[in-house]
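Novice: File name coords.csv; file contents CSV, C-alpha atoms; full text below.
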chain,number,residue,atom,x,y,z
A,1,MET,CA,-16.7,-8.9,1.8
A,2,LYS,CA,-17.8,-5.9,-0.2
A,3,HIS,CA,-17.2,-2.5,1.4
A,4,THR,CA,-17.9,1.1,0.4
A,5,TYR,CA,-15.1,3.7,0.2
A,6,THR,CA,-14.8,7.3,-0.6
A,7,VAL,CA,-11.7,8.8,-2.2
A,8,VAL,CA,-11.4,12.6,-1.9
A,9,GLY,CA,-9.0,14.0,-4.5
A,10,LEU,CA,-8.8,12.3,-7.8
A,11,GLY,CA,-5.3,13.2,-9.0
A,12,ILE,CA,-2.8,10.4,-9.9
A,13,PHE,CA,-2.6,9.0,-6.3
A,14,GLY,CA,-6.3,9.3,-5.5
A,15,SER,CA,-7.6,7.9,-8.9
A,16,THR,CA,-5.1,5.0,-8.6
A,17,VAL,CA,-6.6,4.1,-5.2
A,18,ALA,CA,-10.1,4.5,-6.4
A,19,LEU,CA,-9.7,2.4,-9.5
A,20,GLU,CA,-7.9,-0.4,-7.6
A,21,LEU,CA,-10.6,-0.5,-4.9
A,22,SER,CA,-13.2,-0.7,-7.6
A,23,ARG,CA,-11.2,-3.5,-9.4
A,24,LEU,CA,-11.2,-5.4,-6.1
A,25,GLY,CA,-15.0,-5.4,-6.1
A,26,HIS,CA,-15.8,-2.5,-3.7
A,27,ASP,CA,-18.2,0.4,-4.1
A,28,VAL,CA,-16.2,3.6,-4.5
A,29,ILE,CA,-17.3,7.3,-4.4
A,30,GLY,CA,-14.8,9.7,-5.9
A,31,ILE,CA,-14.9,13.4,-5.1
A,32,ASP,CA,-13.0,16.3,-6.6
A,33,VAL,CA,-13.5,20.0,-7.4
A,34,ASN,CA,-11.9,19.5,-10.8
A,35,PRO,CA,-14.6,18.5,-13.4
A,36,ASN,CA,-12.0,17.0,-15.7
A,37,LEU,CA,-10.7,14.6,-13.1
A,38,VAL,CA,-14.2,13.6,-12.2
A,39,ASN,CA,-15.2,13.0,-15.8
A,40,ASP,CA,-12.1,10.9,-16.4
A,41,ILE,CA,-13.1,8.4,-13.8
A,42,ALA,CA,-16.9,8.6,-13.8
A,43,ASP,CA,-17.6,5.4,-15.8
A,44,LYS,CA,-15.0,3.4,-13.9
A,45,ILE,CA,-16.2,3.6,-10.3
A,46,THR,CA,-19.5,3.5,-8.5
A,47,GLN,CA,-20.0,7.3,-8.3
A,48,ALA,CA,-17.9,10.3,-9.2
A,49,VAL,CA,-19.0,13.7,-8.0
A,50,ILE,CA,-17.8,17.3,-8.5
A,51,ALA,CA,-17.9,18.6,-4.9
A,52,ASP,CA,-15.9,20.5,-2.2
A,53,ALA,CA,-15.0,18.1,0.5
A,54,ARG,CA,-14.6,21.0,3.0
A,55,ASP,CA,-18.4,21.1,3.1
A,56,GLU,CA,-19.7,18.6,5.7
A,57,LYS,CA,-23.3,18.8,4.4
A,58,VAL,CA,-22.2,17.8,0.9
A,59,LEU,CA,-20.2,14.8,2.3
A,60,ARG,CA,-23.2,13.7,4.4
A,61,ASP,CA,-25.6,14.1,1.4
A,62,LEU,CA,-23.3,11.8,-0.5
A,63,GLY,CA,-23.3,9.2,2.3
A,64,VAL,CA,-19.7,9.5,3.2
A,65,HIS,CA,-20.5,9.1,6.9
A,66,GLU,CA,-21.8,5.6,6.1
A,67,CYS,CA,-18.7,4.5,4.3
A,68,ASP,CA,-16.3,1.9,5.7
A,69,GLY,CA,-13.2,4.0,4.8
A,70,VAL,CA,-12.3,7.4,3.4
A,71,VAL,CA,-9.0,8.3,1.6
A,72,ILE,CA,-8.1,12.0,1.8
A,73,ALA,CA,-5.9,12.2,-1.3
A,74,ILE,CA,-6.2,16.0,-1.9
A,75,GLY,CA,-3.2,17.3,-3.8
A,76,GLU,CA,-1.2,20.4,-3.0
A,77,ASP,CA,-3.9,22.2,-1.0
A,78,ILE,CA,-2.8,21.3,2.5
A,79,GLU,CA,-5.6,23.4,4.1
A,80,ALA,CA,-8.3,21.5,2.2
A,81,ASN,CA,-6.6,18.2,3.0
A,82,ILE,CA,-6.7,19.0,6.8
A,83,LEU,CA,-10.2,20.4,6.8
A,84,ALA,CA,-11.6,17.4,4.9
A,85,THR,CA,-9.7,15.0,7.3
A,86,LEU,CA,-11.2,16.9,10.3
A,87,ILE,CA,-14.7,16.7,9.0
A,88,VAL,CA,-14.5,12.9,8.2
A,89,LYS,CA,-12.8,12.2,11.6
A,90,GLY,CA,-15.9,13.7,13.1
A,91,MET,CA,-18.0,10.9,11.6
A,92,PRO,CA,-18.0,7.8,13.8
A,93,LYS,CA,-17.9,5.1,11.2
A,94,PRO,CA,-15.3,5.6,8.5
A,95,LYS,CA,-11.6,4.7,9.0
A,96,VAL,CA,-9.5,7.5,7.5
A,97,TRP,CA,-6.4,7.3,5.4
A,98,ALA,CA,-4.8,10.7,4.6
A,99,LYS,CA,-1.9,11.7,2.4
A,100,ALA,CA,0.7,13.8,4.1
A,101,PHE,CA,3.1,16.1,2.3
A,102,ASN,CA,5.8,16.7,5.0
A,103,HIS,CA,6.6,16.1,8.6
A,104,ASN,CA,4.6,19.0,10.0
A,105,HIS,CA,1.5,18.0,8.0
A,106,HIS,CA,2.0,14.4,9.3
A,107,LYS,CA,2.0,15.8,12.9
A,108,ILE,CA,-1.3,17.7,12.3
A,109,LEU,CA,-3.0,14.6,10.8
A,110,GLU,CA,-1.8,12.6,13.8
A,111,LYS,CA,-3.4,15.2,16.2
A,112,LEU,CA,-6.6,14.9,14.2
A,113,GLY,CA,-6.6,11.1,15.0
A,114,THR,CA,-6.1,10.0,11.4
A,115,ASP,CA,-6.2,6.2,11.3
A,116,HIS,CA,-3.5,5.8,8.6
A,117,ILE,CA,-1.1,8.5,7.3
A,118,VAL,CA,0.6,7.8,4.0
A,119,HIS,CA,3.6,9.5,2.2
A,120,PRO,CA,3.3,8.0,-1.3
A,121,GLU,CA,6.2,9.9,-2.8
A,122,HIS,CA,8.5,9.1,0.1
A,123,GLU,CA,7.5,5.5,0.2
A,124,MET,CA,7.9,5.1,-3.6
A,125,GLY,CA,11.3,6.7,-3.4
A,126,LEU,CA,12.3,4.1,-0.8
A,127,ARG,CA,11.0,1.3,-2.9
A,128,LEU,CA,12.9,2.6,-6.0
A,129,ALA,CA,16.2,3.0,-4.1
A,130,ARG,CA,16.0,-0.5,-2.5
A,131,GLY,CA,15.0,-2.0,-5.9
A,132,MET,CA,18.0,-0.5,-7.5
A,133,VAL,CA,20.4,-1.8,-4.8
A,134,TYR,CA,18.7,-5.2,-4.4
A,135,PRO,CA,17.4,-6.1,-7.9
A,136,GLU,CA,16.6,-9.7,-6.7
A,137,VAL,CA,13.9,-8.3,-4.4
A,138,MET,CA,10.5,-8.4,-6.2
A,139,ASP,CA,8.4,-6.9,-3.4
A,140,TYR,CA,8.5,-6.3,0.3
A,141,ILE,CA,6.4,-5.2,3.3
A,142,SER,CA,7.8,-3.3,6.3
A,143,PHE,CA,6.5,-4.3,9.7
A,144,GLY,CA,8.5,-1.7,11.6
A,145,ASP,CA,11.5,-2.0,13.9
A,146,ASP,CA,13.5,-3.0,10.8
A,147,TYR,CA,11.6,-6.2,10.2
A,148,PHE,CA,10.5,-7.0,6.6
A,149,ALA,CA,8.7,-9.7,4.7
A,150,VAL,CA,10.6,-9.9,1.3
A,151,GLU,CA,9.6,-11.6,-1.9
A,152,VAL,CA,12.7,-12.6,-3.9
A,153,ARG,CA,13.3,-14.6,-7.1
A,154,ALA,CA,15.5,-17.7,-7.3
A,155,SER,CA,18.4,-17.1,-9.6
A,156,GLU,CA,20.1,-19.6,-11.9
A,157,ARG,CA,22.8,-19.9,-9.2
A,158,LEU,CA,20.2,-21.0,-6.6
A,159,ALA,CA,18.4,-23.4,-8.9
A,160,GLY,CA,19.0,-27.0,-8.0
A,161,GLN,CA,19.9,-26.2,-4.4
A,162,ASN,CA,17.8,-26.7,-1.3
A,163,ILE,CA,16.9,-24.2,1.4
A,164,ASN,CA,20.2,-24.7,3.3
A,165,ALA,CA,21.9,-22.8,0.5
A,166,LEU,CA,20.4,-19.6,1.8
A,167,HIS,CA,22.0,-19.9,5.3
A,168,LEU,CA,18.8,-18.8,7.0
A,169,ALA,CA,19.3,-20.2,10.5
A,170,GLU,CA,22.7,-18.6,11.0
A,171,ASN,CA,21.3,-15.2,10.0
A,172,ASP,CA,18.1,-15.5,12.1
A,173,LEU,CA,15.9,-15.5,9.0
A,174,GLN,CA,12.8,-17.6,8.1
A,175,CYS,CA,11.5,-18.9,4.8
A,176,VAL,CA,7.7,-18.5,5.0
A,177,LEU,CA,6.8,-20.1,1.7
A,178,ILE,CA,7.9,-20.9,-1.8
A,179,LYS,CA,5.9,-20.5,-5.0
A,180,HIS,CA,6.7,-22.5,-8.1
A,181,LEU,CA,4.5,-21.4,-11.0
A,182,ASP,CA,1.0,-21.6,-9.5
A,183,GLN,CA,2.0,-24.1,-6.7
A,184,VAL,CA,2.5,-22.8,-3.2
A,185,ILE,CA,5.0,-25.0,-1.3
A,186,THR,CA,5.9,-25.3,2.4
A,187,PRO,CA,9.6,-24.9,2.8
A,188,SER,CA,11.6,-28.1,3.5
A,189,GLU,CA,15.1,-29.4,3.0
A,190,GLN,CA,13.8,-31.8,0.4
A,191,TYR,CA,12.7,-29.1,-2.0
A,192,GLU,CA,15.2,-28.0,-4.7
A,193,PHE,CA,14.7,-24.5,-5.9
A,194,LYS,CA,13.8,-24.0,-9.6
A,195,PHE,CA,14.9,-20.9,-11.6
A,196,ASN,CA,12.4,-18.0,-11.0
A,197,ASP,CA,10.8,-19.6,-7.9
A,198,LYS,CA,9.3,-16.9,-5.7
A,199,ILE,CA,10.6,-17.1,-2.1
A,200,LEU,CA,9.0,-15.3,0.8
A,201,LEU,CA,11.6,-14.5,3.5
A,202,TRP,CA,11.1,-12.9,7.0
A,203,GLY,CA,13.6,-11.1,9.2
A,204,THR,CA,15.5,-7.9,9.8
A,205,LEU,CA,16.8,-5.8,6.9
A,206,ARG,CA,20.3,-6.1,8.2
A,207,ASN,CA,20.2,-9.9,8.1
A,208,LEU,CA,18.3,-10.1,4.8
A,209,ARG,CA,21.2,-8.1,3.3
A,210,LYS,CA,23.6,-10.7,4.4
A,211,ILE,CA,22.1,-13.5,2.3
A,212,SER,CA,21.7,-11.5,-0.9
A,213,LYS,CA,24.9,-13.1,-2.2
A,214,TYR,CA,23.2,-16.5,-2.1
A,215,LEU,CA,20.1,-15.6,-4.1
Show me the file's structure as structure tokens.
Specialist:
Amino acid sequence: MKHTYTVVGLGIFGSTVALELSRLGHDVIGIDVNPNLVNDIADKITQAVIADARDEKVLRDLGVHECDGVVIAIGEDIEANILATLIVKGMPKPKVWAKAFNHNHHKILEKLGTDHIVHPEHEMGLRLARGMVYPEVMDYISFGDDYFAVEVRASERLAGQNINALHLAENDLQCVLIKHLDQVITPSEQYEFKFNDKILLWGTLRNLRKISKYL
């Protein structure tokens, strides 16, 4: 289903969000006070506008109040970030994602009722550190309370062995699916892993660490 989104702030983070939303087939309005940033993205999204997001009339004239979601990605100007979030949260329709810079800023955004608060630098730092420590992990999603869905790659050591080689049951872990090339496979004891198979595992980080030696 096609949606309409607005991204306020077209720095590295905001422009990346805007371009990916557009690539995924959605209409995207990009807003920034910097003409250079707007011009850089103008021909790649639905509409790019030089405007001050602290002006509610400007946002309504652009149709932001009718959007499905708004991303407040304003850079170092925390005041502008907060004011833009406050204005958009006063609009009944859009869900709001806002970039937070620190714990206090996060608390303010929470008080404003922001639907989703993101810390891109913090989250990227966590991903980098975990990727350095666990190079076999290709990607992961945190579900809170220390539970993760983790995508790992089958090593040469695991190739030719079946799912029992991962010792999942004794570590309270689950194998959700296996992907071999373009084929998605339901896990079973009959399947023998091939080198570079992608394996989706579910469980706590503590237990996932225990089986890294088998991967």
Novice: Calculated over all atoms listed in the file, which of the candidates A:His26, A:Arg60, A:His180, A:Arg206 has the smallest distance to Gly90 of chain A?
Specialist: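 The shortest atom-to-atom distance to Gly90 of chain A comes from A:Arg60.
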Novice: List the residues sitting within 12 Å of (-14.4, 17.3, -9.6) in the file's frame, using all atoms listed in the file, as a ChimeraX atom specification.
Specialist: /A:7-11,15,29-42,47-53,74
Novice: Skipping near chain neighbours, those fewer than 2 positions away, what residues fall within 10 Å of Pro94 of chain A using only C-alpha atoms, listed as a list in words?
Specialist: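 The contact residues come out as Thr4, Tyr5, Thr6, Val64, His65, Glu66, Cys67, Asp68, Gly69, Val70, Val71, Val88, Lys89, Gly90, Met91, Pro92, Val96, Trp97 and Asp115 of chain A.
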Novice: Skipping near chain neighbours, those fewer than 2 positions away, what residues fall within 7 Å of segment 54-59 of chain A using only C-alpha atoms, listed as a ChimeraX atom specification?
Specialist: /A:52,61-64,80,83-84,87
Novice: For the atom pair atom CA of Leu24 of chain A and atom CA of Lys2 of chain A, what is the interatomic distance in Å to one decimal place?
Specialist: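 That distance, rounded to one decimal, is 8.9 Å.
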Novice: Give the answer as one residue: which of A:Ile163, A:Lys93, A:Leu158, A:Glu170 has the shortest atom-to-atom distance to Gln190 of chain A, using all atoms listed in the file?
Specialist: A:Ile163
Novice: Counting all atoms listed in the file, what is within 9 Å of His106 of chain A, bar same-chain residues fewer than 4 positions away, as number ranges by chain?
Specialist: A: 99-102, 110-111, 117-119
Novice: Please identify all polymer residues within 6 Å of segment 133-149 of chain A, counting all atoms listed in the file, omitting same-chain residues fewer than 3 positions from it, and present them as a PyMOL selection string.
Specialist: chain A and resi 130+152-153+201-205
Novice: Using atom CA of Lys179 of chain A and atom CA of Tyr214 of chain A as the two end points, give the distance in Å to one decimal.
Specialist: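 Separation between atom CA of Lys179 of chain A and atom CA of Tyr214 of chain A: 18.0 Å.
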Novice: Ranking A:Val184, A:Ile178, A:Val28, A:Ile211 by minimum distance to Ala165 of chain A and counting all atoms listed in the file, which one comes first?
Specialist: A:Ile211
Novice: When you draw a straight line from atom CA of Phe195 of chain A to atom CA of Lys213 of chain A, how long is it in Å?
Specialist: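 So the two atoms, atom CA of Phe195 of chain A and atom CA of Lys213 of chain A, lie 15.8 Å apart.
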Novice: Pick from A:Thr186, A:Glu151, A:Leu168, A:Gln174: nearest to Ile199 of chain A, with all atoms listed in the file counted?
Specialist: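 That would be A:Glu151, the residue with the smallest distance to Ile199 of chain A.
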Novice: Using all atoms listed in the file, pick whichever of A:His116, A:Ile12, A:Leu215, A:Ala18 has the shortest atom-to-atom distance to Ser155 of chain A.
Specialist: A:Leu215
Novice: Using only C-alpha atoms, which of A:Ile185, A:Leu19, A:Ala73, A:Met1 sits nearest Pro120 of chain A?
Specialist: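 Counting only C-alpha atoms, the residue closest to Pro120 of chain A is A:Ala73.
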